[in-house]
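**Q** The structure is given below, and queries will be raised subsequently.
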Amino acid sequence: MTVLRRVGRQKGMVVGALMVLAVVMCALLAPYLAPYGPLDMQVEERLQGPSFRHLCGTDEFGRDVFSRIVWGSRISLEMGLVATVLTVILGTGVGVLWGYYPRLGVFIARLVDLWLAFPTMLFAIVIVAVLGPSLRNAMLAVVLSMVPGFSRVVHSAVLPLREKEFVEAASAAGAPNRRILWRHVLPNVASTIIVLGTLHFASAILMGAALSFLGLGAQPPQPEWGAMINAGRQWLGLAWWLYIFPGIAIVVAVLGINLLGDGLRDLLDPRLKV
Amino acid sequence: MAPRRRRAGRSPSPGRGVLPLRYQFVARRLAQGLLVLIGVSIIVFLMIHMVPGDPVRQMLGERATPEAVAALRRELGLDLPAHLQLARFFVNLGRGDLGRSLLTGVPVAQELLQRYRVTIQLAIYALLIEAFLGVTAGILAAVRRGSATDYLTTSVAVLGMSLPSFWLALALMWLFGFVLGWFPISGYQGAYHLVLPAFTLGILSAAYIARVTRSSLLEVLGQDYIRTARSKGLSERAVLYRHALKNALIPVVTMVGLDLGYLLGGAIVTETVFALPGVGSYVVKGILTRDFPVVQGGVLVVAATFVMVNLMVDLLYGSLDPRVKG
């Protein structure tokens with residue numbers, strides 16, 4: 001009960017969890033929630049403003065914007081989730097090795113410095129430019145641009161552990177490094193990784209949407225939120241619903257995850273500054 | 001923002017070397033910065049070799065004549081062996097020659113120089129907005145901790161962190177450009193055109209600055225010397241402005257500085273949405289039109305700026321915070 005009570009005191013976290021839940025439900029129940037298919041065109045009803053028939057209006061092909069947003073939650077969540085899992089695995093691996101092995105660490109530090117010499121978004125854009133624009137490549141670009149920053153924080157969490165008595169004791173008792181890393185180091189940075197991973201989930205969705213917005217991620221006619229905003233912006237003054245509503249969907253998803261991450265940080269790892 | 005990292009287990013012994021300690025620190029950081037710059041140039045150079053398939057074919061299309069392909073390959077120096085290409089790249093770089101745009105024929109360096117003026121202006125305006133909004137909000141929230149002001153500020157800050165820049169840009173464009181008609185929607189003819197883009201960038205970064213200011217000030221306000229200042233009868237105002245803020249703003253200055261690096265090269269999305277002729281939109285245009293020299297030159301200049309700004313922030317941090325010296 002005490003855990004639940006502590007969670008309950010974090011009002012922001014509860015709000016965030018509800019927002020995330022709403023987006024997840026949209027993704028799971030898309031076929032039932034969306035009144036129309038994401039690609040269904042009703043040409044005679046194109047570019048209509050919001051109404052009861054079309055909650056968020058229709059686009060220039062007569063597709064229902066609300067249905068596309070609901071279906072789009074699948075793309076954004078899936079992309080964000082896969083990108084985050086990959087980032088957490090790679091970033092934790094690199095960060096733990098970097099913090100635990102001093103010699104290897106010097107090498108990794110230089111590499112990460114070089115990596116971080118590119119602004120994150122520029123790096124992602126360049127990767128997509130090399131690989132070619134597609135949703136999968138955008139996801140890969142997001143991962144590659146998030147890993148160095150992620151591993152840097154993990155590294156700084158691992159570093160002080162090296163000097164701790166229980167690690168020294170395990171080492172003196174003859175435990176192999178692999179065992180020390182798995183049994184002693186990793187569990188002690190687990191909370192940092194959970195909090196960091198949650199906050200990176202939010203960034204991954206934002207960055208993925210930004211890449212799709214630039215035409216480097218999801219391609220039309222995929223109902224991806226960033227791509228929808230990009231397609232809608234040519235109707236700037238004429239059809240505001242084409243870009244305002246998908247944007248609200250992004251904000252709900254990202255804000256929910258951020259609030260959740262903030263709450264998790266206060267509960268699990270109050271000293272972590274991210 | 002993680003604090004500057006110092007290599008564990010190896011603190012420089014006092015008196016090592018001929019230079020005074022603080023210059024040693026500066027010299028070491030400068031040398032590191034130079035190395036990173038060289039590394040960045042090599043990576044940017046390698047990009048052309050990483051593009052799958054033949055970059056020249058991709059640029060000219062499938063139906064290009066073999067002569068045209070060979071000519072372009074010669075012009076780009078792609079007919080040379082790799083190490084000579086790298087040498088040529090560095091020699092040209094040293095002369096300030098970044099090649100010519102394949103699309104327009106304009107020298108990339110010249111175009112970048114022009115576009116930099118727009119980007120720098122935008123960055124400065126955004127920075128001013130960000131610092132003013134962020135620091136003010138952060139101080140208000142920290143001083144009235146737990147109040148409605150604090151609650152509101154913190155909530156707005158989290159919301160600000162969750163806004164996609166391109167969407168905020170469009171929303172501002174729609175409201176202030178289209179509905180109210182106060183500001184131009186896109187293009188660039190003067191500072192007036194930078195108002196909406198600067199606010200887009202400024203509002204987003206202010207959210208982070210407010211959070212950092214708040215938590216840093218709260219930390220400082222809990223320290224002993226603040227209690228001492230209060231107990232000697234100083235007014236709350238004097239405690240805040242003369243004692244607390246000086247220390248609390250150190251991490252904020254670092255963050256604003258790092259943001260300058262992002263703004264000078266990372267305002268890619270915002271510049272693109274507002275169709276501003278800046279460096280970021282140049283790179284995106286180069287990528288979408290497969291204009292290779294533009295991408296190479298743009299990325300190189302952006303990354304170099306980013307590295308140099310970060311270096312300066314690092315050095316500034318060293319002079320602000322006496323603990324980092326040496």
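Every chain in the structure tokens takes a letter, A first, then B, and so on in the order presented; its residues are numbered from 1, and the ligands are numbered from 1 following the presented order.
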Tell me the residues of chain A close to chain B, meaning within 8 Å using only C-alpha atoms, as a compact mmCIF listing (two decimals) with all heavy atoms, in the first residue's frame.

**A**
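This is the output file part.txt:
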# COMPACT_ATOMS: atom_id res chain seq x y z
N ASP A 113 32.56 11.82 -27.45
CA ASP A 113 32.81 13.24 -27.70
C ASP A 113 32.60 13.59 -29.16
O ASP A 113 32.00 14.59 -29.52
CB ASP A 113 34.24 13.62 -27.29
CG ASP A 113 34.32 13.92 -25.80
OD1 ASP A 113 33.25 14.00 -25.17
OD2 ASP A 113 35.43 14.06 -25.29
N LEU A 114 33.16 12.72 -30.00
CA LEU A 114 33.08 12.93 -31.45
C LEU A 114 31.63 12.85 -31.91
O LEU A 114 31.17 13.66 -32.70
CB LEU A 114 33.92 11.85 -32.14
CG LEU A 114 34.42 12.16 -33.53
CD1 LEU A 114 35.25 13.41 -33.53
CD2 LEU A 114 35.22 10.99 -34.04
N ALA A 117 29.59 15.74 -31.05
CA ALA A 117 30.00 16.98 -31.70
C ALA A 117 28.98 17.39 -32.75
O ALA A 117 28.99 18.52 -33.22
CB ALA A 117 31.37 16.82 -32.36
N PHE A 118 28.09 16.46 -33.11
CA PHE A 118 27.01 16.82 -34.03
C PHE A 118 25.75 17.09 -33.22
O PHE A 118 25.41 16.30 -32.35
CB PHE A 118 26.74 15.67 -35.00
CG PHE A 118 27.89 15.34 -35.89
CD1 PHE A 118 28.84 14.43 -35.49
CD2 PHE A 118 28.01 15.95 -37.12
CE1 PHE A 118 29.92 14.12 -36.31
CE2 PHE A 118 29.08 15.65 -37.95
CZ PHE A 118 30.03 14.75 -37.54
N PRO A 119 25.06 18.18 -33.51
CA PRO A 119 23.77 18.38 -32.85
C PRO A 119 22.87 17.18 -33.15
O PRO A 119 22.89 16.66 -34.27
CB PRO A 119 23.22 19.65 -33.51
CG PRO A 119 24.39 20.34 -34.08
CD PRO A 119 25.39 19.29 -34.43
N THR A 120 22.10 16.72 -32.15
CA THR A 120 21.33 15.48 -32.26
C THR A 120 20.50 15.40 -33.54
O THR A 120 20.56 14.41 -34.27
CB THR A 120 20.37 15.35 -31.07
OG1 THR A 120 20.94 16.02 -29.96
CG2 THR A 120 20.13 13.93 -30.74
N MET A 121 19.74 16.44 -33.78
CA MET A 121 18.83 16.40 -34.93
C MET A 121 19.61 16.34 -36.24
O MET A 121 19.25 15.60 -37.16
CB MET A 121 17.95 17.65 -34.89
CG MET A 121 16.72 17.57 -35.74
SD MET A 121 15.63 16.22 -35.23
CE MET A 121 14.72 16.01 -36.73
N LEU A 122 20.71 17.10 -36.30
CA LEU A 122 21.54 17.09 -37.51
C LEU A 122 22.07 15.68 -37.75
O LEU A 122 22.04 15.16 -38.88
CB LEU A 122 22.70 18.07 -37.35
CG LEU A 122 23.63 18.13 -38.55
CD1 LEU A 122 22.99 18.88 -39.68
CD2 LEU A 122 24.96 18.77 -38.19
N ILE A 125 19.38 13.47 -39.08
CA ILE A 125 19.05 13.80 -40.46
C ILE A 125 20.11 13.27 -41.43
O ILE A 125 19.79 12.72 -42.48
CB ILE A 125 18.91 15.34 -40.61
CG1 ILE A 125 17.62 15.80 -39.95
CG2 ILE A 125 18.93 15.75 -42.06
CD1 ILE A 125 17.43 17.29 -39.97
N VAL A 126 21.37 13.40 -41.01
CA VAL A 126 22.44 12.94 -41.89
C VAL A 126 22.36 11.42 -42.06
O VAL A 126 22.53 10.89 -43.17
CB VAL A 126 23.82 13.35 -41.32
CG1 VAL A 126 24.93 12.63 -42.05
CG2 VAL A 126 23.99 14.85 -41.45
N ALA A 129 19.75 10.63 -44.41
CA ALA A 129 20.19 11.01 -45.75
C ALA A 129 21.07 9.93 -46.35
O ALA A 129 21.00 9.65 -47.55
CB ALA A 129 20.95 12.33 -45.70
N VAL A 130 21.90 9.30 -45.51
CA VAL A 130 22.79 8.26 -46.03
C VAL A 130 22.01 6.98 -46.31
O VAL A 130 22.18 6.34 -47.34
CB VAL A 130 23.93 7.99 -45.02
CG1 VAL A 130 24.71 6.76 -45.40
CG2 VAL A 130 24.84 9.20 -44.94
N LEU A 131 21.10 6.61 -45.39
CA LEU A 131 20.39 5.34 -45.52
C LEU A 131 19.19 5.42 -46.45
O LEU A 131 18.72 4.40 -46.95
CB LEU A 131 19.92 4.86 -44.15
CG LEU A 131 21.00 4.56 -43.12
CD1 LEU A 131 20.37 4.18 -41.79
CD2 LEU A 131 21.90 3.44 -43.62
N VAL A 153 25.14 9.28 -19.38
CA VAL A 153 24.52 9.34 -18.05
C VAL A 153 24.71 8.02 -17.31
O VAL A 153 25.02 8.00 -16.12
CB VAL A 153 23.02 9.70 -18.17
CG1 VAL A 153 22.41 9.83 -16.79
CG2 VAL A 153 22.83 10.98 -18.93
N ALA A 202 9.95 9.55 -24.68
CA ALA A 202 9.31 10.78 -25.12
C ALA A 202 10.12 11.46 -26.23
O ALA A 202 9.56 11.87 -27.26
CB ALA A 202 9.14 11.72 -23.92
N LEU A 206 9.12 12.32 -30.24
CA LEU A 206 9.26 13.67 -30.78
C LEU A 206 10.18 13.69 -31.99
O LEU A 206 9.88 14.29 -33.02
CB LEU A 206 9.85 14.60 -29.71
CG LEU A 206 8.89 15.41 -28.85
CD1 LEU A 206 9.67 16.34 -27.96
CD2 LEU A 206 7.94 16.20 -29.73
N ALA A 210 9.45 14.49 -35.88
CA ALA A 210 10.14 15.59 -36.56
C ALA A 210 10.75 15.09 -37.87
O ALA A 210 10.67 15.78 -38.90
CB ALA A 210 11.22 16.17 -35.66
N PHE A 213 8.09 14.66 -40.30
CA PHE A 213 7.64 15.98 -40.73
C PHE A 213 8.54 16.52 -41.84
O PHE A 213 8.08 17.15 -42.79
CB PHE A 213 7.65 16.95 -39.54
CG PHE A 213 7.35 18.37 -39.91
CD1 PHE A 213 6.05 18.78 -40.14
CD2 PHE A 213 8.37 19.29 -40.03
CE1 PHE A 213 5.78 20.08 -40.49
CE2 PHE A 213 8.10 20.60 -40.39
CZ PHE A 213 6.80 20.99 -40.62
N LEU A 214 9.84 16.26 -41.72
CA LEU A 214 10.78 16.75 -42.74
C LEU A 214 10.75 15.88 -43.99
O LEU A 214 11.47 16.14 -44.95
CB LEU A 214 12.21 16.76 -42.18
CG LEU A 214 12.51 17.81 -41.11
CD1 LEU A 214 13.91 17.63 -40.56
CD2 LEU A 214 12.35 19.22 -41.69
N ILE A 229 1.13 16.30 -40.23
CA ILE A 229 1.31 17.74 -40.02
C ILE A 229 2.00 18.36 -41.23
O ILE A 229 1.64 19.44 -41.70
CB ILE A 229 2.10 18.00 -38.73
CG1 ILE A 229 1.30 17.51 -37.52
CG2 ILE A 229 2.43 19.47 -38.57
CD1 ILE A 229 2.01 17.63 -36.20
N ARG A 233 0.37 21.30 -43.69
CA ARG A 233 0.81 22.69 -43.55
C ARG A 233 0.66 23.50 -44.83
O ARG A 233 0.67 24.72 -44.79
CB ARG A 233 2.25 22.75 -43.03
CG ARG A 233 3.33 22.50 -44.04
CD ARG A 233 4.66 22.68 -43.37
NE ARG A 233 5.70 21.97 -44.05
CZ ARG A 233 6.86 22.53 -44.39
NH1 ARG A 233 7.09 23.77 -44.09
NH2 ARG A 233 7.76 21.82 -45.00
N LEU A 236 -2.28 25.92 -44.61
CA LEU A 236 -2.10 26.70 -43.38
C LEU A 236 -3.32 27.52 -42.97
O LEU A 236 -3.86 27.36 -41.89
CB LEU A 236 -0.88 27.62 -43.52
CG LEU A 236 -0.58 28.40 -42.24
CD1 LEU A 236 0.03 27.48 -41.21
CD2 LEU A 236 0.36 29.55 -42.52
N GLY A 237 -3.77 28.41 -43.86
CA GLY A 237 -4.85 29.29 -43.47
C GLY A 237 -6.22 28.68 -43.71
O GLY A 237 -7.21 29.10 -43.15
N TRP A 240 -6.93 24.50 -40.68
CA TRP A 240 -6.05 24.38 -39.52
C TRP A 240 -6.15 23.02 -38.87
O TRP A 240 -5.21 22.55 -38.25
CB TRP A 240 -6.39 25.48 -38.50
CG TRP A 240 -7.83 25.51 -38.11
CD1 TRP A 240 -8.82 26.23 -38.70
CD2 TRP A 240 -8.46 24.75 -37.08
NE1 TRP A 240 -10.02 25.97 -38.11
CE2 TRP A 240 -9.84 25.07 -37.11
CE3 TRP A 240 -8.01 23.83 -36.12
CZ2 TRP A 240 -10.76 24.50 -36.23
CZ3 TRP A 240 -8.93 23.27 -35.25
CH2 TRP A 240 -10.29 23.60 -35.31
N TYR A 243 -3.36 20.18 -39.25
CA TYR A 243 -2.09 20.08 -38.51
C TYR A 243 -2.24 20.31 -37.02
O TYR A 243 -1.41 19.85 -36.25
CB TYR A 243 -1.05 21.04 -39.11
CG TYR A 243 -1.51 22.47 -39.26
CD1 TYR A 243 -1.38 23.37 -38.22
CD2 TYR A 243 -2.08 22.91 -40.45
CE1 TYR A 243 -1.81 24.69 -38.37
CE2 TYR A 243 -2.52 24.21 -40.60
CZ TYR A 243 -2.38 25.09 -39.57
OH TYR A 243 -2.82 26.37 -39.70
N ILE A 244 -3.29 21.00 -36.60
CA ILE A 244 -3.44 21.24 -35.15
C ILE A 244 -3.74 19.93 -34.41
O ILE A 244 -3.11 19.61 -33.40
CB ILE A 244 -4.54 22.29 -34.89
CG1 ILE A 244 -4.12 23.66 -35.43
CG2 ILE A 244 -4.83 22.39 -33.38
CD1 ILE A 244 -2.94 24.31 -34.74
N GLY A 247 -0.93 17.35 -34.03
CA GLY A 247 0.03 17.92 -33.08
C GLY A 247 -0.41 17.70 -31.65
O GLY A 247 0.41 17.37 -30.78
N ILE A 250 0.47 14.28 -30.62
CA ILE A 250 1.88 14.16 -30.24
C ILE A 250 2.09 14.71 -28.83
O ILE A 250 2.74 14.09 -27.99
CB ILE A 250 2.81 14.92 -31.23
CG1 ILE A 250 2.67 14.35 -32.63
CG2 ILE A 250 4.25 14.85 -30.77
CD1 ILE A 250 3.51 15.07 -33.66
N VAL A 251 1.52 15.89 -28.56
CA VAL A 251 1.72 16.51 -27.25
C VAL A 251 1.17 15.62 -26.15
O VAL A 251 1.83 15.42 -25.12
CB VAL A 251 1.05 17.90 -27.20
CG1 VAL A 251 1.14 18.48 -25.80
CG2 VAL A 251 1.72 18.84 -28.20
N VAL A 254 3.61 12.61 -25.72
CA VAL A 254 4.92 12.99 -25.20
C VAL A 254 4.81 13.56 -23.79
O VAL A 254 5.59 13.22 -22.89
CB VAL A 254 5.61 14.00 -26.14
CG1 VAL A 254 6.91 14.49 -25.55
CG2 VAL A 254 5.86 13.36 -27.49
N LEU A 255 3.80 14.42 -23.58
CA LEU A 255 3.61 15.00 -22.25
C LEU A 255 3.31 13.91 -21.23
O LEU A 255 3.87 13.90 -20.13
CB LEU A 255 2.48 16.02 -22.30
CG LEU A 255 2.15 16.74 -20.99
CD1 LEU A 255 3.34 17.55 -20.51
CD2 LEU A 255 0.95 17.66 -21.16
N ASN A 258 6.49 12.13 -20.46
CA ASN A 258 7.38 13.00 -19.67
C ASN A 258 6.93 13.10 -18.22
O ASN A 258 7.76 13.04 -17.30
CB ASN A 258 7.43 14.41 -20.29
CG ASN A 258 8.55 14.55 -21.30
OD1 ASN A 258 9.56 13.84 -21.23
ND2 ASN A 258 8.39 15.45 -22.25
N LEU A 259 5.62 13.26 -18.02
CA LEU A 259 5.10 13.34 -16.65
C LEU A 259 5.36 12.05 -15.90
O LEU A 259 5.77 12.04 -14.74
CB LEU A 259 3.61 13.66 -16.67
CG LEU A 259 3.22 15.09 -17.03
CD1 LEU A 259 1.72 15.21 -17.23
CD2 LEU A 259 3.67 16.06 -15.95
N LYS A 273 19.62 14.17 -12.61
CA LYS A 273 19.23 15.41 -13.26
C LYS A 273 19.19 15.20 -14.76
O LYS A 273 20.23 15.05 -15.39
CB LYS A 273 20.20 16.53 -12.92
CG LYS A 273 19.91 17.14 -11.57
CD LYS A 273 20.91 18.23 -11.27
CE LYS A 273 20.78 18.67 -9.82
NZ LYS A 273 21.98 19.30 -9.35
N VAL A 274 18.01 15.12 -15.29
CA VAL A 274 17.91 15.02 -16.75
C VAL A 274 16.82 15.94 -17.27
O VAL A 274 15.91 16.25 -16.56
CB VAL A 274 17.64 13.59 -17.26
CG1 VAL A 274 18.93 12.83 -17.42
CG2 VAL A 274 16.71 12.86 -16.32

**Q** Check which residues of segment 141-203 of chain B sit at most 12 Å from segment 216-221 of chain B using only C-alpha atoms, and return one row each with the closest pair of atoms and their distance in Å to one decimal, ordered by chain and rising number, as JSON lines.

**A**
{"residue": "B:Ala141", "atom": "CA", "partner": "B:Leu218", "partner_atom": "CA", "distance": 9.3}
{"residue": "B:Ala142", "atom": "CA", "partner": "B:Leu218", "partner_atom": "CA", "distance": 5.8}
{"residue": "B:Val143", "atom": "CA", "partner": "B:Leu218", "partner_atom": "CA", "distance": 7.9}
{"residue": "B:Arg144", "atom": "CA", "partner": "B:Leu218", "partner_atom": "CA", "distance": 10.2}
{"residue": "B:Arg145", "atom": "CA", "partner": "B:Leu218", "partner_atom": "CA", "distance": 8.4}
{"residue": "B:Gly146", "atom": "CA", "partner": "B:Leu218", "partner_atom": "CA", "distance": 11.5}
{"residue": "B:Asp150", "atom": "CA", "partner": "B:Leu218", "partner_atom": "CA", "distance": 11.8}

**Q** So which residues touch Gly190 of chain B within 12 Å, counting only C-alpha atoms, skipping near sequence neighbours fewer than 2 positions away, as a ChimeraX atom specification?

**A** /B:117-118,121-122,183-184,186-188,192-195,276-277

**Q** Show which residues sit within 10 Å of Pro148 of chain A, as a VMD selection string. Count only C-alpha atoms, and ignore same-chain residues fewer than 2 positions away.

**A** chain A and resid 87 90 to 91 94 to 95 108 to 109 111 to 116 120 143 to 146 150 to 154

**Q** Between A:Gly226, A:Ala83, A:Ser67, A:Phe166, which is the closest to Phe201 of chain A once you count only C-alpha atoms?

**A**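 Of all the options, A:Ala83 lies closest to Phe201 of chain A.
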
**Q** Identify, with DSSP run on backbone atoms, the residues in segment 40-246 of chain B assigned to alpha helix (DSSP H), and express the list as an MDAnalysis selection string.

**A** chainID B and resid 40:50 55:60 66:76 82:94 108:143 148:161 165:172 195:221 224:231 236:238 245:246

**Q** Write out as a ChimeraX atom specification each polymer residue whose atoms come within 7 Å of Val128 of chain A, counting only C-alpha atoms; drop sequence neighbours fewer than 5 positions from it.

**A** /A:133,137-138,141,216

**Q** Kindly indicate which residue among A:Val106, A:Leu264, A:Gly93, A:Pro31 lies nearest to Lys11 of chain A, using only C-alpha atoms for the distances.

**A** A:Leu264

**Q** What's the separation between atom CA of Pro102 of chain A and atom CA of His155 of chain A, in Å to one decimal place?

**A**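 Rounded to one decimal, the two atoms are 10.9 Å apart.
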